[in-house]
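Structure file start06.cif (mmCIF, C-alpha atoms) follows.
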```
data_run
#
loop_
_atom_site.label_atom_id
_atom_site.label_comp_id
_atom_site.auth_asym_id
_atom_site.auth_seq_id
_atom_site.Cartn_x
_atom_site.Cartn_y
_atom_site.Cartn_z
CA ASN A 6 136.17 24.12 60.03
CA MET A 7 139.60 22.61 60.67
CA PRO A 8 142.11 24.54 58.53
CA PHE A 9 145.18 22.62 59.82
CA ASN A 10 147.18 25.86 59.68
CA ARG A 11 148.85 25.26 63.06
CA ASN A 12 151.46 22.72 64.03
CA ILE A 13 149.56 20.40 66.32
CA SER A 14 151.28 17.33 67.70
CA SER A 15 149.37 16.93 70.96
CA THR A 16 147.29 13.78 71.16
CA SER A 17 145.14 15.28 73.92
CA SER A 18 141.41 15.09 73.39
CA GLY A 19 140.17 18.12 71.43
CA ALA A 20 143.64 19.44 70.50
CA VAL A 21 142.67 19.86 66.81
CA LYS A 22 140.46 22.95 66.95
CA ASP A 23 137.21 23.34 65.04
CA TYR A 24 136.81 27.04 64.27
CA SER A 25 133.12 26.75 63.40
CA THR A 26 130.42 27.42 65.96
CA PHE A 27 129.84 23.67 66.44
CA GLY A 28 132.91 22.97 68.58
CA ASN A 29 133.72 19.55 67.07
CA ASN A 30 137.33 19.64 68.19
CA GLY A 31 139.32 16.66 66.97
CA THR A 32 141.84 14.30 68.51
CA LEU A 33 144.93 13.09 66.67
CA GLY A 34 144.80 9.33 66.26
CA ASN A 35 143.32 7.44 69.16
CA GLY A 36 145.00 9.77 71.58
CA SER A 37 148.40 8.11 71.09
CA ALA A 38 151.42 9.27 69.07
CA GLY A 39 151.57 5.99 67.13
CA THR A 40 148.19 6.64 65.46
CA ALA A 41 148.55 10.40 64.95
CA PRO A 42 149.17 11.95 61.53
CA VAL A 43 152.17 14.30 61.36
CA TRP A 44 151.74 18.01 60.59
CA ASN A 45 154.04 19.82 58.17
CA LEU A 46 154.18 23.01 56.07
CA SER A 47 153.38 21.32 52.73
CA GLY A 48 149.69 22.25 52.66
CA ILE A 49 147.85 24.56 50.32
CA ASN A 50 147.37 27.24 52.98
CA GLY A 51 150.18 26.90 55.47
CA GLY A 52 149.96 23.34 56.68
CA ALA A 53 148.70 19.81 56.25
CA PHE A 54 148.67 16.50 58.04
CA ILE A 55 150.50 13.54 56.52
CA PHE A 56 148.69 10.24 57.08
CA ASP A 57 150.76 7.04 56.92
CA GLY A 58 148.07 4.86 55.28
CA THR A 59 148.42 2.32 58.08
CA ASN A 60 146.80 3.62 61.26
CA ASP A 61 146.76 7.45 61.27
CA ALA A 62 143.46 9.31 61.63
CA ILE A 63 141.84 12.33 63.24
CA ASN A 64 138.86 11.59 65.46
CA VAL A 65 136.42 14.45 64.91
CA GLY A 66 134.30 13.26 67.82
CA ALA A 67 130.66 14.06 67.25
CA PRO A 68 129.33 13.53 63.72
CA ILE A 69 129.04 16.74 61.77
CA ILE A 70 126.18 15.74 59.50
CA GLY A 71 124.21 13.03 61.27
CA SER A 72 120.54 13.73 60.69
CA ASN A 73 120.96 16.97 58.70
CA PRO A 74 120.01 16.48 55.00
CA ILE A 75 121.56 19.84 53.99
CA PHE A 76 125.34 19.96 54.38
CA SER A 77 128.67 20.37 52.68
CA ILE A 78 132.02 18.72 53.36
CA SER A 79 135.15 20.28 51.92
CA ALA A 80 138.68 18.89 51.96
CA TRP A 81 142.02 19.38 50.27
CA PHE A 82 143.74 16.05 49.62
CA LYS A 83 146.93 14.80 48.02
CA THR A 84 147.73 11.14 47.42
CA SER A 85 149.53 8.82 45.04
CA ASP A 86 148.08 5.69 46.65
CA THR A 87 146.35 3.21 44.34
CA ASN A 88 144.40 1.56 47.16
CA ARG A 89 141.04 2.80 48.44
CA CYS A 90 141.63 5.46 51.09
CA PHE A 91 139.15 7.58 53.02
CA ILE A 92 139.16 11.35 53.24
CA TYR A 93 136.22 11.60 55.67
CA SER A 94 133.70 9.21 57.20
CA GLU A 95 130.82 9.15 59.65
CA GLY A 96 129.59 5.83 60.97
CA ASN A 97 128.05 3.88 63.77
CA SER A 98 130.30 2.07 66.25
CA THR A 99 127.80 -0.78 66.67
CA SER A 100 126.86 -1.45 63.02
CA ASP A 101 128.36 -1.27 59.53
CA THR A 102 125.37 0.82 58.39
CA PRO A 103 124.43 3.58 58.30
CA HIS A 104 127.43 5.59 57.15
CA LEU A 105 128.58 8.47 54.97
CA TYR A 106 132.01 8.81 53.42
CA ILE A 107 134.23 10.42 50.79
CA THR A 108 136.99 8.24 49.37
CA VAL A 109 139.69 8.04 46.70
CA SER A 110 140.02 4.91 44.49
CA GLU A 111 136.60 3.42 45.22
CA GLY A 112 136.09 0.83 42.47
CA ALA A 113 138.56 2.51 40.07
CA VAL A 114 142.07 3.68 40.85
CA GLY A 115 142.27 7.46 41.26
CA ASN A 116 138.57 8.31 41.16
CA VAL A 117 136.76 10.15 43.97
CA CYS A 118 133.46 8.85 45.36
CA TRP A 119 130.92 9.58 48.05
CA VAL A 120 128.49 7.14 49.63
CA TYR A 121 125.46 7.92 51.79
CA ASP A 122 124.16 4.61 53.11
CA GLY A 123 121.08 5.05 55.27
CA ASN A 124 119.24 2.47 57.28
CA SER A 125 117.40 1.17 54.20
CA GLU A 126 118.34 3.61 51.43
CA TYR A 127 121.55 4.03 49.46
CA SER A 128 122.87 6.95 47.41
CA ASN A 129 126.31 7.43 45.86
CA GLY A 130 128.31 9.06 43.11
CA CYS A 131 131.78 8.59 41.62
CA THR A 132 133.82 10.68 39.23
CA SER A 133 134.03 9.18 35.76
CA ALA A 134 137.56 10.51 35.46
CA SER A 135 140.36 9.06 37.50
CA GLY A 136 143.83 10.41 38.10
CA TYR A 137 143.09 12.18 41.37
CA ASN A 138 145.82 10.04 42.95
CA ASP A 139 148.47 11.90 40.91
CA GLY A 140 150.39 13.29 43.91
CA ALA A 141 148.99 16.81 43.35
CA TRP A 142 146.63 18.77 45.59
CA HIS A 143 142.91 18.49 44.78
CA HIS A 144 139.91 20.13 46.40
CA ALA A 145 136.82 17.96 46.95
CA VAL A 146 133.46 19.36 48.08
CA LEU A 147 130.39 17.20 48.66
CA VAL A 148 127.20 19.29 48.74
CA SER A 149 123.85 17.88 49.84
CA LEU A 150 121.06 20.23 48.81
CA ASN A 151 118.29 18.13 50.37
CA THR A 152 117.48 14.47 51.06
CA SER A 153 117.62 13.49 47.38
CA HIS A 154 120.10 15.79 45.57
CA ARG A 155 123.89 15.72 46.04
CA LEU A 156 126.81 17.10 44.03
CA LEU A 157 130.53 16.34 44.17
CA TYR A 158 132.88 19.11 43.07
CA ILE A 159 136.53 18.40 42.35
CA ASP A 160 138.84 21.37 41.81
CA GLY A 161 135.88 23.72 41.36
CA ALA A 162 133.89 21.72 38.79
CA VAL A 163 130.87 19.44 39.31
CA LYS A 164 132.09 15.90 38.60
CA THR A 165 129.09 13.88 39.72
CA GLU A 166 125.50 14.68 40.58
CA ALA A 167 122.89 12.40 42.07
CA SER A 168 119.19 13.16 42.17
CA SER A 169 116.47 10.69 42.90
CA SER A 170 112.76 10.68 43.44
CA SER A 171 113.25 8.68 46.62
CA SER A 172 114.74 10.48 49.57
CA VAL A 173 117.57 9.12 51.64
CA SER A 174 116.49 9.26 55.24
CA ALA A 175 118.53 10.76 58.03
CA ILE A 176 121.28 8.52 59.30
CA THR A 177 122.01 7.81 62.92
CA VAL A 178 125.76 7.86 63.46
CA ASN A 179 127.89 8.38 66.54
CA GLN A 180 131.44 8.94 65.26
CA ALA A 181 133.31 10.92 62.61
CA TYR A 182 136.89 10.58 61.34
CA ILE A 183 139.30 12.20 58.91
CA GLY A 184 141.63 9.78 57.14
CA VAL A 185 139.85 6.47 57.72
CA LEU A 186 136.58 4.59 57.39
CA LYS A 187 135.34 3.95 60.91
CA ARG A 188 132.24 1.91 61.59
CA ILE A 189 132.52 -1.05 63.97
CA ASN A 190 136.19 -1.36 63.00
CA PHE A 191 138.78 0.85 61.32
CA GLY A 192 139.57 0.27 57.64
CA ASP A 193 141.19 1.73 54.52
CA TYR A 194 143.37 4.46 56.00
CA PHE A 195 144.40 7.49 53.93
#
```
Can you present the structure in this file as structure tokens?
Amino acid sequence: NMPFNRNISSTSSGAVKDYSTFGNNGTLGNGSAGTAPVWNLSGINGGAFIFDGTNDAINVGAPIIGSNPIFSISAWFKTSDTNRCFIYSEGNSTSDTPHLYITVSEGAVGNVCWVYDGNSEYSNGCTSASGYNDGAWHHAVLVSLNTSHRLLYIDGAVKTEASSSSSVSAITVNQAYIGVLKRINFGDYF
């Protein structure tokens, strides 16, 4: 639970507070000002971080989901970018799989997608509508009800649902980021 309602500019480890009971405090950028997003008052509820699309990210530290098949990820986002950009990702620093992410413009400009790529299983869903890169605020929520049923809500409505008879196994990840895909390397900044 990182509401971004406070002006945080410190790049110290753990400066971005997680208000949940999990204590996954984040770090702006890689701990340096040059890779830190900038906070301002333009958010939905008092504040937001502006990511430059080049190298800004928030390191959440420990993965939030990891091996838990029941979870939800919620984020407000605003972009006019036509390139693929990542809202949230969990990955492994030594391998390109497994990983989990939510992205804008994956395959089609302005759509919103999620991917859950396990060690040998793959599950994903994308909105059929695009236009979510319209420069307006949108609310995305990915809900995983169990190992085989996931829903993606955009602005309060279910936009994609994935159910399968085969379960996606737990993933083993060791890092989580807001604003970038991070596996072995960084890529596709928000």
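Note that atom CA of A:Glu95 and atom CA of A:Thr59 are 18.9 Å apart.
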Once the PyMOL selection byres ((chain A and resi 74) around 8) has been evaluated on this model, what residues remain selected, and can you format them as a ChimeraX atom specification?
/A:70,72-73,75-76,149-152,175
Could you turn the residues from that selection into a file that holds C-alpha atoms, as an mmCIF file, keeping the file's coordinate frame?
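Output contents, as saved in again01.cif:
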```cif
data_model
loop_
_atom_site.group_PDB
_atom_site.id
_atom_site.type_symbol
_atom_site.label_atom_id
_atom_site.label_comp_id
_atom_site.auth_asym_id
_atom_site.auth_seq_id
_atom_site.Cartn_x
_atom_site.Cartn_y
_atom_site.Cartn_z
ATOM 1 C CA ILE A 70 126.180 15.740 59.500
ATOM 2 C CA SER A 72 120.540 13.730 60.690
ATOM 3 C CA ASN A 73 120.960 16.970 58.700
ATOM 4 C CA ILE A 75 121.560 19.840 53.990
ATOM 5 C CA PHE A 76 125.340 19.960 54.380
ATOM 6 C CA SER A 149 123.850 17.880 49.840
ATOM 7 C CA LEU A 150 121.060 20.230 48.810
ATOM 8 C CA ASN A 151 118.290 18.130 50.370
ATOM 9 C CA THR A 152 117.480 14.470 51.060
ATOM 10 C CA ALA A 175 118.530 10.760 58.030
#
```
Have a look at atom CA of A:Ile159 and atom CA of A:Asn88 and let me know their distance in Å, one decimal.
19.2 Å
Within 8 Å of (133.8, 6.0, 63.9) (file coordinates; all atoms listed in the file), which protein or nucleic acid residues are there? I'd like them as a short mmCIF file (atom, residue, chain, number, x, y, z; two decimals) with C-alpha atoms, in the frame of the given file.
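As a result, result_34.cif now contains:
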```cif
data_model
loop_
_atom_site.label_atom_id
_atom_site.label_comp_id
_atom_site.auth_asym_id
_atom_site.auth_seq_id
_atom_site.Cartn_x
_atom_site.Cartn_y
_atom_site.Cartn_z
CA ASN A 64 138.86 11.59 65.46
CA SER A 94 133.70 9.21 57.20
CA GLU A 95 130.82 9.15 59.65
CA GLY A 96 129.59 5.83 60.97
CA ASN A 97 128.05 3.88 63.77
CA SER A 98 130.30 2.07 66.25
CA ASN A 179 127.89 8.38 66.54
CA GLN A 180 131.44 8.94 65.26
CA ALA A 181 133.31 10.92 62.61
CA TYR A 182 136.89 10.58 61.34
CA LEU A 186 136.58 4.59 57.39
CA LYS A 187 135.34 3.95 60.91
CA ARG A 188 132.24 1.91 61.59
CA ILE A 189 132.52 -1.05 63.97
CA ASN A 190 136.19 -1.36 63.00
CA PHE A 191 138.78 0.85 61.32
#
```
Can you measure atom CA of A:Ala162 to atom CA of A:Val109 for me? One decimal in Å is fine.
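Taking atom CA of A:Ala162 and atom CA of A:Val109, their separation equals 16.8 Å.
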Leaving out stretch 140-143 of chain A and any residue of its chain fewer than 6 positions from it, which residues lie within 8 Å of it when counting all atoms listed in the file, given as a list of chain:residue names?
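These residues fall inside the cut-off: A:Ile49, A:Trp81, A:Phe82, A:Lys83, A:Thr84, A:Ser85, A:Ile159, A:Asp160.
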A:Asn12: which residues within 10 Å, counting only C-alpha atoms, same-chain residues fewer than 3 positions away excluded, as a list in words?
Phe9, Ser15, Val21, Val43, Trp44, Asn45, Leu46, Gly51, Gly52, Ala53 and Phe54 of chain A
The residue from A:Ser14, A:Ser128, A:Asn35, A:Thr165 with the smallest atom-to-atom distance to A:Ile55, counting all atoms listed in the file, is A:Ser14
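Shortest atom-to-atom contact with A:Trp119 among A:Ile13, A:Ala134, A:Ala20, A:Leu147: A:Leu147, counting all atoms listed in the file.
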Could you tell me which residues the PyMOL selection byres ((chain A and resi 120) around 8) returns for this structure, as a PyMOL selection string?
chain A and resi 104-107+118-119+121-122+127-130
Export of prior selection with C-alpha atoms as a PDB file, keeping the file's coordinate frame:
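Listing of result16.pdb after writing:
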```
ATOM      1  CA  HIS A 104     127.430   5.590  57.150  1.00  0.00           C
ATOM      2  CA  LEU A 105     128.580   8.470  54.970  1.00  0.00           C
ATOM      3  CA  TYR A 106     132.010   8.810  53.420  1.00  0.00           C
ATOM      4  CA  ILE A 107     134.230  10.420  50.790  1.00  0.00           C
ATOM      5  CA  CYS A 118     133.460   8.850  45.360  1.00  0.00           C
ATOM      6  CA  TRP A 119     130.920   9.580  48.050  1.00  0.00           C
ATOM      7  CA  TYR A 121     125.460   7.920  51.790  1.00  0.00           C
ATOM      8  CA  ASP A 122     124.160   4.610  53.110  1.00  0.00           C
ATOM      9  CA  TYR A 127     121.550   4.030  49.460  1.00  0.00           C
ATOM     10  CA  SER A 128     122.870   6.950  47.410  1.00  0.00           C
ATOM     11  CA  ASN A 129     126.310   7.430  45.860  1.00  0.00           C
ATOM     12  CA  GLY A 130     128.310   9.060  43.110  1.00  0.00           C
TER      13      GLY A 130
END
```
Would you be able to write out as a PyMOL selection string which residues have an atom within 12 Å of (131.0, 21.5, 69.3) in the file's coordinates, counting all atoms listed in the file?
chain A and resi 6+19+22-31+65-69
Between A:Ser17, A:Ser135, A:Thr40, A:Ser168, which one has atoms that come closest to A:Arg155, using all atoms listed in the file?
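Going through A:Ser17, A:Ser135, A:Thr40, A:Ser168 one by one, the smallest distance to A:Arg155 is for A:Ser168.
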